[in-house]
Each structure stands twice: as structure tokens, then as C-alpha cells.
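Colleague: Have a look at this one before I ask anything.
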Amino acid sequence: MGIPPEREDVKQQVLYLSQITMKSHLLESPISKCPLYLACHHLKTERIQRDWERQGDAGSEGQKLTVCPIINGEDHLRLLNFQHNFITRIQNISNLQKLISLDLYDNQIEEISGLSTLRCLRVLLLGKNRIKKISNLENLKSLDVLDLHGNQITKIENINHLCELRVLNLARNFLSHVDNLNGLDSLTELNLRHNQITFVRDVDNLPCLQHLFLSFNNISSFDSVSCLADSSSLSDITFDGNPIAQESWYKHTVLQNMMQLRQLDMKRITEEERRMASVLAKKEEEKKRESHKQSLLKEKKRLTINNVARQWDLQQQRVANIATNEDRKDSDSAQDPCQIDGSTLSAFPEETGPLDSGLNNALQGLSVIDTYLVEVDGDTLSLYGSGALESLDRNWSVQTAGMITTVSFTFIEFDEIVHVLPKLKIKFPNSLHLKFKETNLVMLQQFNALAQLRRVDQLTIDPQGNPVVNFTLWKYYVLFRLSHFSMQKINGTEVTQNDMIMAERLFGILAHVASSELPQYRLISILGDARKKQFRYLLESKGKKPGIINEENNDSKRLVGENTNRATLNYTTRDFYNEKLEEIKEKKKFCKTYIEDLVKEATEINMKNEALQKLWPQMFIELVRDAVIEIRNKNSYMKLCLQQITDQK
Amino acid sequence: MLSPERLALPDYEYLAQRHVLTYMEDAVCQLLENREDISQYGIARFFTEYFNSVCQGTHILFREFSFVQATPHNRVSFLRAFWRCFRTVGKNGDLLTMKEYHCLLQLLCPDFPLELTQKAARIVLMDDAMDCLMSFSDFLFAFQIQFYYSEFLDSVAAIYEDLLSGKNPNTVIVPTSSSGQHRQRPALGEAGMLEGVEASLFYQCLENLCDRHKYSCPPPALVKEALSNVQRLTFYGFLMALSKHHGINQALGALPDKGDLMHDPAMDEELERLLAQVPGLVNSITASPEASCLPSRTPPRVGSPWRPLHHSRKVDGESDGSTEETDESET
């Protein structure tokens with residue numbers, strides 16, 4: 001299809017003409033019998049204004065024309081052929097007012113002009129010239145075929161009045177985009193091959209367009225040719241040679257968007273292909289939606305984590321500025337007035353029901369930022385911000401909870417984590433790897449708190465926000481205190497036998513002292529304390545079931561099963577410790593007064609004793625003296641005694 | 001019993017001076033706190049154990065700081081406990097920061113204040129960069145001086161400041177020195193920039209202090225000995241001298257001499273016994289040659305990384321982890 005450039009053969013020319021001008025009424029008789037037609041063909045005369053009647057053999061070449069010759073007396077001429085000449089200007093043909101076809105293929109014409117009288121012109125072939133601009137076609141309202149291929153045209157213009165135009169060939173030009181096509185109501189074929197087109201517009205304004213050739217242009221996305229989807233008449237299109245044709249989604253995107261197509265890149269479209277295309281397109285759509293959702297979620301997560309981090313920094317600064325711990329409690333809730341509800345953003349693929357709607361709410365309320373974040377990602381549970389600790393109370397499905405092997409804490413005070421460790425033990429029995437980042441681990445003692453867990457395989461303490469990592473001995477202390485866990489990795493490095501030995505060597509005596517040298521009552525009281533504390537935490541938790549209490553009792557018995565010689569090394573959070581000291585104050589006061597009373601009593605007695613000691617010799621002497629004086633006179637003494645006895649009766 | 005000083009004091013004050021009351025109060029307080037546990041136990045037995053532990057020096061373990069510093073005996077016991085527990089750290093040769101030593105202190109006494117540790121560190125580091133690493137023995141001896149004589153040292157600091165600024169009423173000639181320079185230099189002469197204070201003058205003030213002080217001071221004779229070979233000294237120089245003085249250390253009686261600091265055969269034996277119970281330990285990995293024959297465990301693994309123990313993961317667990325260790329039943 002399209003206009004073949006080389007037409008030496010007259011027969012071909014005839015065929016061609018009969019193809020394009022279906023309406024034979026334009027010519028008085030069938031073309032082959034047209035005397036006028038036979039009268040003019042290749043007008044290649046040696047000289048201008050020479051006798052131009054056919055001289056014997058039609059093939060005498062002679063010199064090529066450089067100007068259009070003046071043709072007199074041929075006013076009924078219908079077809080004029082000036083192919084393969086050096087003509088630079090269209091001129092001297094204004095008298096040929098019955099001209100139907102003008103062929104100026106392969107010349108050197110730089111400007112379309114001189115056609116204003118050719119009102120009957122139906123075929124204008126100006127291919128392979130040097131035309132820079134489409135112009136001066138105003139009067140050619142009957143134009144049926146316009147061939148401007150192989151020129152230097154940069155813009156489609158001045159053709160909007162050609163409402164009978166059926167074929168437009170603008171191949172091999174310098175077009176960078178396609179628009180301004182309105183008005184071409186009869187256009188069925190548009191050839192734009194070999195240009196530099198990046199986008200196409202207005203094609204949906206062409207009601208009859210069936211064939212559109214866009215091969216070898218610069219189209220890279222379907223959006224740039226999106227108007228094609230709206231063109232219901234289009235049935236044949238080519239995109240080969242464009243960047244878009246290299247894309248993996250090319251075929252099915254085109255097919256999906258242009259259901260009306262019958263042929264793509266010169267190949268028929270089968271039903272199978274169409275079906276595949278729709279399936280693939282649906283998948284793409286879903287993928288896009290999914291990734292959009294994912295990116296929304298990620299963004300929200302990132303914002304939340306940033307917010308939590310900011311809160312944490314403020315907290316830390318405040319604690320540094322003010323020495324007391326009072327502020328820590330009221331800092332996080334006071335900071336965030338825009339917390340919607342207590343519930344958080346979380347991604348739970350397994351959980352259904354209320355949490356899904358929570359997710360939707362979260363997506364809608366993207367501008368609202370939470371102060372904490374709970375995230376489940378396969379086998380990892382991540383908690384950001386102290387508010388996240390409450391999420392451990394939730395009803396976790398056994399399946400989800402069972403899959404969790406790693407629990408990660410970030411931006412939460414370790415002392416607060418200590419309180420929820422019993423809950424962690426129960427709700428996530430398979431959590432074997434604990435990670436701490438920005439949790440204010442400052443003392444070796446704090447690791448004692450981890451001993452109450454069931455089992456820890458791996459421990460990761462991120463140096464960021466955990467000053468304890470700067471200590472030389474921290475790893476050994478962990479291995480020592482948590483030796484009953486037989487930990488395998490600390491901060492990613494495997495625990496070797498030598499590490500265990502070193503840990504024992506460094507701190508073994510501490511354990512020995514802590515167990516064997518403590519008086520029995522202290523042992524009992526310390527261990528009893530720990531048990532009581534755990535029990536208390538559990539009672540305070542929400543959603544406790546009776547079954548848990550029994551398990552706790554078993555656990556506490558098991559606590560003794562742990563290496564007893566270090567079981568006394570416990571960690572009490574600062575708040576609890578101070579609380580305890582406060583409680584003791586009363587008792588201490590009482591004891592003080594009690595002892596004081598005792599001492600007073602004792603000193604009084606002692607004083608009395610001492611006084612007695614001092615006086616006793618004197619008293620004794622007096623006693624003896626009195627007695628001796630009494631007995632001096634035996635007789636009178638005897639009488640006195642008898643007298644006393646009778647008096648008594 | 002019938003010493004004249006005893007009769008000179010009224011009874012209550014006598015008891016207080018000997019800190020009998022402190023221990024009595026504490027004993028009764030402990031009794032109250034742990035009523036339920038002790039009642040099964042017997043009160044008489046409790047008191048026996050309590051005072052036994054006071055004698056042995058184990059009563060201060062894991063107690064609050066206010067109790068630990070209450071009496072000189074408590075302080076001595078604490079120092080001794082610290083030495084015994086963490087001697088191994090020193091033996092290992094690790095140099096630790098002040099913060100880490102403080103951590104170790106907190107393992108034994110949870111609310112031990114940071115200022116004391118800082119002051120002790122300042123003695124070792126001569127008030128220089130506080131992040132420097134210190135050896136165990138240096139820190140321990142400095143800490144001993146700081147902790148045991150803390151009130152005394154506060155007064156000494158005040159006196160030193162007075163002497164520096166020339167406010168001492170006792171003397172006429174007081175050399176002035178620019179503050180902030182704490183390097184010891186031999187005395188150059190009368191005029192010009194002089195560091196610290198004059199030793200003999202300083203000692204006189206100390207002597208006065210010791211006389212009128214209620215709480216414990218180092219024996220004046222020994223202090224004089226410490227000051228004998230210097231003309232002038234700075235505050236931290238003085239403290240350093242105290243901490244390094246063997247006589248004072250012996251007078252305190254808490255710690256062994258510096259040479260014997262790493263030496264504690266009884267504990268070492270205990271340690272070997274503990275090490276033998278680390279799972280999978282091989283005969284060859286023992287430090288001391290006199291250790292008793294260790295039971296060998298199969299299979300021997302020399303120097304290989306820790307082999308993961310086969311603990312199957314169960315959802316509702318039974319107890320894991322306690323099966324590998326044998327209990328140290330010491331009681």
C-alpha cells in the first residue's frame with residue numbers, strides 16, 4: 001500500500017490511476033482509452049518550448065527539465081507527469097485547469113506554489129523534493145491523494161480544509177510530533193514512517209482513518225500516542241522501529257488499549273493474542289496498584305519511624321538536661337495531639353477483619369503521624385517507640401506468633417522493655433533473636449533482666465544508642481550471665497568456646513560469691529523477689545487468662561532450674577528500685593525507733609546494774625553490820641526473834 | 001570491756017560509735033522485709049546468719065549504697081568483695097574506662113553513685129582526660145582511698161583550696177600559686193609561680209583535721225610518711241601518694257599488697273572447678289597446672305566454634321537451656 005516511488009512503466013501508472021480514482025465519471029472514458037491521457041506522459045524535452053509531442057520512442061531521455069515548461073493549447077490535460085527532473089519551482093501550469101493528477105516526484109522543488117488554479121486536482125505527488133513547508137494548498141479542495149514523502153517538512157499545517165483527502169504520505173520528513181489533523185474527514189491512510197515523532201495527537205478526530213504507519217519514529221510510551229485508543233476506525237497500525245516496540249509490555253499494552261485493531265506491525269492479530277494481552281494487562285494493573293499501595297505503606301512507615309526517632313531524641317535531651325526521671329513518663333503522650341486512636345499502623349497479611357480496615361484508615365490518613373510503629377515482616381516483629389510495647393497485649397493468632405523468631409526493639413527505653421519481657425516469653429515462644437537499637441542500654445546489669453526469658457539464641461545490640469557496647473567486657477558478661485541459653489551469636493559473630501571460657505573465667509567468681517556467700521535468707525529473699533516481680537507484671541497485663549497464671553507458676557519453678565549460682569544477679573529498673581527504697585523507709589524508721597527503745601531499756605538496765613554494782617559493796621557492808629549488831633546480844637536477839645514469830649501468828 | 005574510754009562515753013553514744021546500732025537496725029529491718037520467708041526459717045537462725053555474714057563481710061552484697069557506706073566495716077567489706085569478684089578482670093590484663101569500672105561496681109551495689117567512681121578515677125588520672133583507660137590495681141587502690149576516706153577527703157579538699165588561696169589562719173607565709181596547674185614540681189624558691197602547697201604546712205592542717213574528726217582518717221604517722229619526701233604537692237598528688245602507700249593499705253586491711261593483688265588461691269581453685277563445668281570443655285584448656293583432673297566430655301572439640309545445640313523449636317515450650325548446665329549446688 002502507499003505510493004510506490006518509481007513508476008517507469010506506463011501500465012503501472014494506468015493501474016495506479018485506476019486504483020485511486022474509483023469514480024470514473026471524472027474521466028470521460030476508461031483511462032486506457034483516453035486519448036488525452038495517451039497524449040501526454042513523460043514530458044522530457046530537450047529544450048523548453050520545443051515541440052513536446054511524443055517523438056517516436058517514448059524512452060528518449062535527453063536533458064532533464066529545470067523549469068516547468070509552458071504548455072499551450074492543452075487545457076484539457078488531465079494528467080501531468082514531471083518525474084525525475086530538476087524542476088525547482090512549480091509554474092506555468094495555471095492554465096491546466098482540468099488537471100486531475102500532477103506528478104512532480106523526484107525534483108528539486110523547494111516550495112509548494114503555483115497550484116491555486118488547479119481546482120480539480122485530485123492527486124498531487126511531490127515526493128522526494130526539498131519542500132520545507134506545507135502551504136498554498138487552499139484551493140485544492142478535491143485533493144484525494146497528497147504525497148509529500150522524502151521532503152523537509154517539520155510541521156503538519158494548512159491541510160485542515162482537505163476534507164476529501166484519503167491518503168496522506170508524510171514519510172521521511174522531519175516531523176517531531178503529529179497534531180493539527182482536524183478537518184481531514186475522509187482520511188483513511190496516514191503514512192508517517194521515518195520521521196522523529198515523539199507524540200501523536202488529534203488522530204481521534206479522523207473519523208475514517210484505518211491505516212496509520214508510525215514505523216521508525218521516536219515513540220517510547222503509549223501515553224504519547226494515547227489518542228489512538230479513542231480512534232474507533234483504526235484497524236491497522238505499525239510501531240516497529242520505535243523505542244516502544246522494544247519494551248516488554250509493548251504488544252499487550254497496544255492490544256489492550258486498542259481493541260479495534262486488526263493488524264499490528266503488518267501482522268494480523270489473533271484471538272489468542274488478544275486474550276493474552278488482556279490477561280497481561282490486568283496483571284500489570286494489579287501489580288501497579290500493589291506497588292502503589294506498598295509505596296504508600298512504606299512512606300507511612302518511614303514517616304512514623306522518623307517521628308518516633310524525633311520523639312526519642314527529644315526525650316534523651318530532656319533527660320540529659322534535667323537529671324530526674326519524671327519527664328520520661330509524660331513526654332510521649334503530650335507530644336502528639338494528632339494521634340487518631342490508640343491503634344497503630346501495622347502490616348499483617350495474615351490478620352483479617354478489623355485490622356484491614358485499620359490499614360485503609362491508615363492509608364487515608366497519610367498526613368497523620370503516629371508515635372509508634374509495630375511491624376510484622378515474616379519472621380521478624382519490629383517495635384518502634386515505647387507505645388508499641390502495648391501491642392504485645394493484642395490477640396495474636398497462634399500461627400503468626402509462632403512464626404516470629406526475631407524481635408527488634410528501637411527507640412524504646414530498655415527499662416520499659418524489661419517490664420514486658422514476661423509477656424514476650426508467653427506470646428512469642430519462638431522468639432530466639434533479640435535486637436536492640438537506641439534502647440539506652442548503659443549498664444551490664446541490665447542484661448540480667450534477659451535471663452528470665454525462655455531462650456535466646458542470638459543477641460544484637462546496635463552501638464547506636466546503646467553505650468554499653470563501648471565497654472570492653474560486655475560480650476563476656478552477656479555470655480556469662482546468660483550462659484544457660486548457650487547463645488550462638490552476638491552481634492553477628494559466632495560465639496566460640498574460647499569466648500565462653502573467657503566469660504566464665506572473668507565472672508565465674510562473681511557467680512560463686514553471689515550464690516555461696518550470700519546468707520540463706522538473702523538468697524531466698526532475692527529469688528523470691530524476682531518471682532514476685534514477674535508475677536506482678538503478669539497480673540498487671542491486660543487480657544490475661546486463667547491459664548497463664550498456672551504457666552507462670554511453672555515458669556517460676558523453672559527459674560530455679562536456671563543456673564542458680566547466677567540467679568541472684570538480677571536487674572531492677574531504676575524506678576522500681578527507688579520505689580522499693582521508698583517502701584523500706586517506713587520500715588527503717590520503725591526499726592530505728594524500736595532499736596532506740598531497746599537501747600534505752602538496755603541502758604537503763606545497765607545503769608541500774610552499774611549503780612547497783614557501785615552501791616552493792618556499801619550495801620553489803622551495811623547489811624552485814626546490821627546483822628552483826630543485831631546478834632551481838634545473843635539472849636536479847638533470841639527473845640526478839642521469838643517475839644517476831646509470835647507476832648506473825 | 002572495762003577500758004576507761006568505754007566508761008567515759010554515755011551508753012548510747014558508745015554503741016553508736018561502734019556501729020552496733022546500725023547493724024541491729026538493719027537486722028531488724030531485714031527481718032521485717034522478709035517476714036514470710038524468714039518465719040519458716042527461725043528468727044534465731046536468721047540473726048545468727050546475719051551477724052555471721054557481717055563478720056565475714058558478705059552482708060553488703062547487693063545492698064543499697066546507703067547501707068554499704070554506713071560503717072567503716074561495711075566499706076572495708078565492700079572493697080574486699082569487689083576485689084575478690086573482679087580480681088579476674090585485673091588478672092586478664094584488661095584496661096577499662098571509668099564508666100566500665102562503675103558498671104562493675106553497680107553489679108555489686110545497684111545504686112552506687114557515679115561521683116565516687118569519678119573522683120577515684122581522677123586520682124588515678126591526675127585529673128586529666130577522664131576517658132583514659134585504667135588498670136585494675138591502679139583503680140582499686142585509688143578507689144579504696146576515695147571510698148573509705150570519702151568524708152575525710154572532702155575536708156582535705158577544702159583545706160587544700162584554702163591553702164591555695166592563702167586563707168589558712170595558722171601560718172604567716174603562704175605561697176600563692178595560680179590555680180589550675182596541678183603538675184608537681186620541686187620547689188624553685190619563694191617568688192614566682194609555685195605549684196600546689198607546701199607539704200609540711202599541709203600536714204599540720206591534716207593533723208588538726210584528724211584530731212577533731214569524727215569519722216575515720218588515715219593514721220597520721222603514715223600520712224606523715226607519705227608526705228616526707230616531697231616539698232610541695234598538689235591535691236591529686238597527695239591522694240595518689242596515699243593510694244600507693246603500702247602502710248595505709250595494710251592499716252585498712254581490706255586489700256592485699258599490690259604485689260599480691262592478683263593472688264587468691266582459694267578462689268582460683270573455685271574458678272577451675274566452675275570452668276570444668278562449662279559444657280564441652282576439653283582437658284587441655286585449663287589455666288592452672290594444679291587443677292584437679294577434669295572429667296572429659298565427649299566428643300572433644302578443641303578450638304572449634306561453638307557447635308549449635310540441638311534444641312528443637314516448639315511452639316508451647318518445655319524448658320530449654322537448663323538441661324546442659326549442672327547446677328552449682330553450693331548451699
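Each chain of the C-alpha cells is named A, B, ... in the order shown, its residues numbered from 1; ligands are numbered from 1 in display order.
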Would you please extract all helix (DSSP H, G or I) residues from segment 7-221 of chain B, as assigned by DSSP on the backbone, and give them as an NGL selection string?

Modeller: :B and (7-8 or 11-17 or 20-33 or 35-39 or 43-56 or 65-68 or 72-91 or 98-108 or 114-125 or 136-148 or 150-165 or 199-212 or 220-221)

Colleague: Which chain A residues have any atom within 8 Å of an atom of chain B, and for each, what is the nearest pair of atoms with distance in Å to one decimal, counting only C-alpha atoms, rows sorted by chain and number, as CSV?

Modeller:
```
residue,atom,partner,partner_atom,distance
A:Gly402,CA,B:Val315,CA,6.1
A:Pro429,CA,B:Val315,CA,6.0
A:Asn430,CA,B:Val315,CA,6.3
A:Met443,CA,B:Cys103,CA,5.7
A:Leu444,CA,B:Cys103,CA,6.3
A:Gln445,CA,B:Leu107,CA,5.8
A:Arg454,CA,B:Asp320,CA,6.8
A:Arg455,CA,B:Asp320,CA,6.6
A:Phe471,CA,B:Glu100,CA,6.0
A:Thr472,CA,B:Leu96,CA,6.8
A:His484,CA,B:Gly321,CA,5.3
A:Phe485,CA,B:Gly321,CA,5.1
A:Ser486,CA,B:Gly321,CA,6.9
A:Gln488,CA,B:Pro308,CA,6.6
A:Glu494,CA,B:Pro305,CA,7.1
A:Val495,CA,B:Trp306,CA,5.8
A:Thr496,CA,B:Pro305,CA,4.3
A:Gln497,CA,B:Trp306,CA,5.3
A:Asn498,CA,B:Gly303,CA,7.0
A:Met500,CA,B:Val278,CA,7.7
A:Ile501,CA,B:Leu275,CA,6.8
A:Glu504,CA,B:Leu275,CA,6.4
A:Arg505,CA,B:Leu271,CA,6.8
A:Leu506,CA,B:Thr88,CA,5.2
A:Phe507,CA,B:Phe86,CA,7.1
A:Gly508,CA,B:Leu271,CA,6.2
A:Ile509,CA,B:Cys85,CA,5.5
A:Leu510,CA,B:Cys85,CA,4.7
A:His512,CA,B:Glu270,CA,8.0
A:Val513,CA,B:Cys85,CA,7.1
A:Ala514,CA,B:Leu61,CA,7.7
A:Ser515,CA,B:Glu330,CA,7.3
A:Ser516,CA,B:Glu330,CA,5.5
A:Glu517,CA,B:Thr58,CA,6.5
A:Leu518,CA,B:Thr58,CA,6.4
A:Pro519,CA,B:Glu49,CA,6.2
A:Gln520,CA,B:Glu49,CA,7.7
A:Tyr521,CA,B:Ile38,CA,6.6
A:Ile524,CA,B:Asp37,CA,7.0
A:Ser525,CA,B:Asn34,CA,6.4
A:Arg558,CA,B:Ser319,CA,7.2
A:Gly561,CA,B:Ser322,CA,6.3
A:Glu562,CA,B:Ser322,CA,5.5
A:Asn563,CA,B:Asp327,CA,5.7
A:Thr564,CA,B:Asp327,CA,6.4
A:Asn565,CA,B:Glu328,CA,6.0
A:Leu569,CA,B:Leu107,CA,7.8
A:Ile584,CA,B:Glu33,CA,7.8
A:Lys587,CA,B:Cys29,CA,6.3
A:Lys588,CA,B:Cys29,CA,5.9
A:Cys591,CA,B:Glu25,CA,5.5
A:Lys592,CA,B:Glu25,CA,5.8
A:Ile595,CA,B:Glu25,CA,6.2
A:Val599,CA,B:Tyr12,CA,7.1
A:Lys600,CA,B:Tyr12,CA,7.8
A:Thr603,CA,B:Asp11,CA,6.3
```
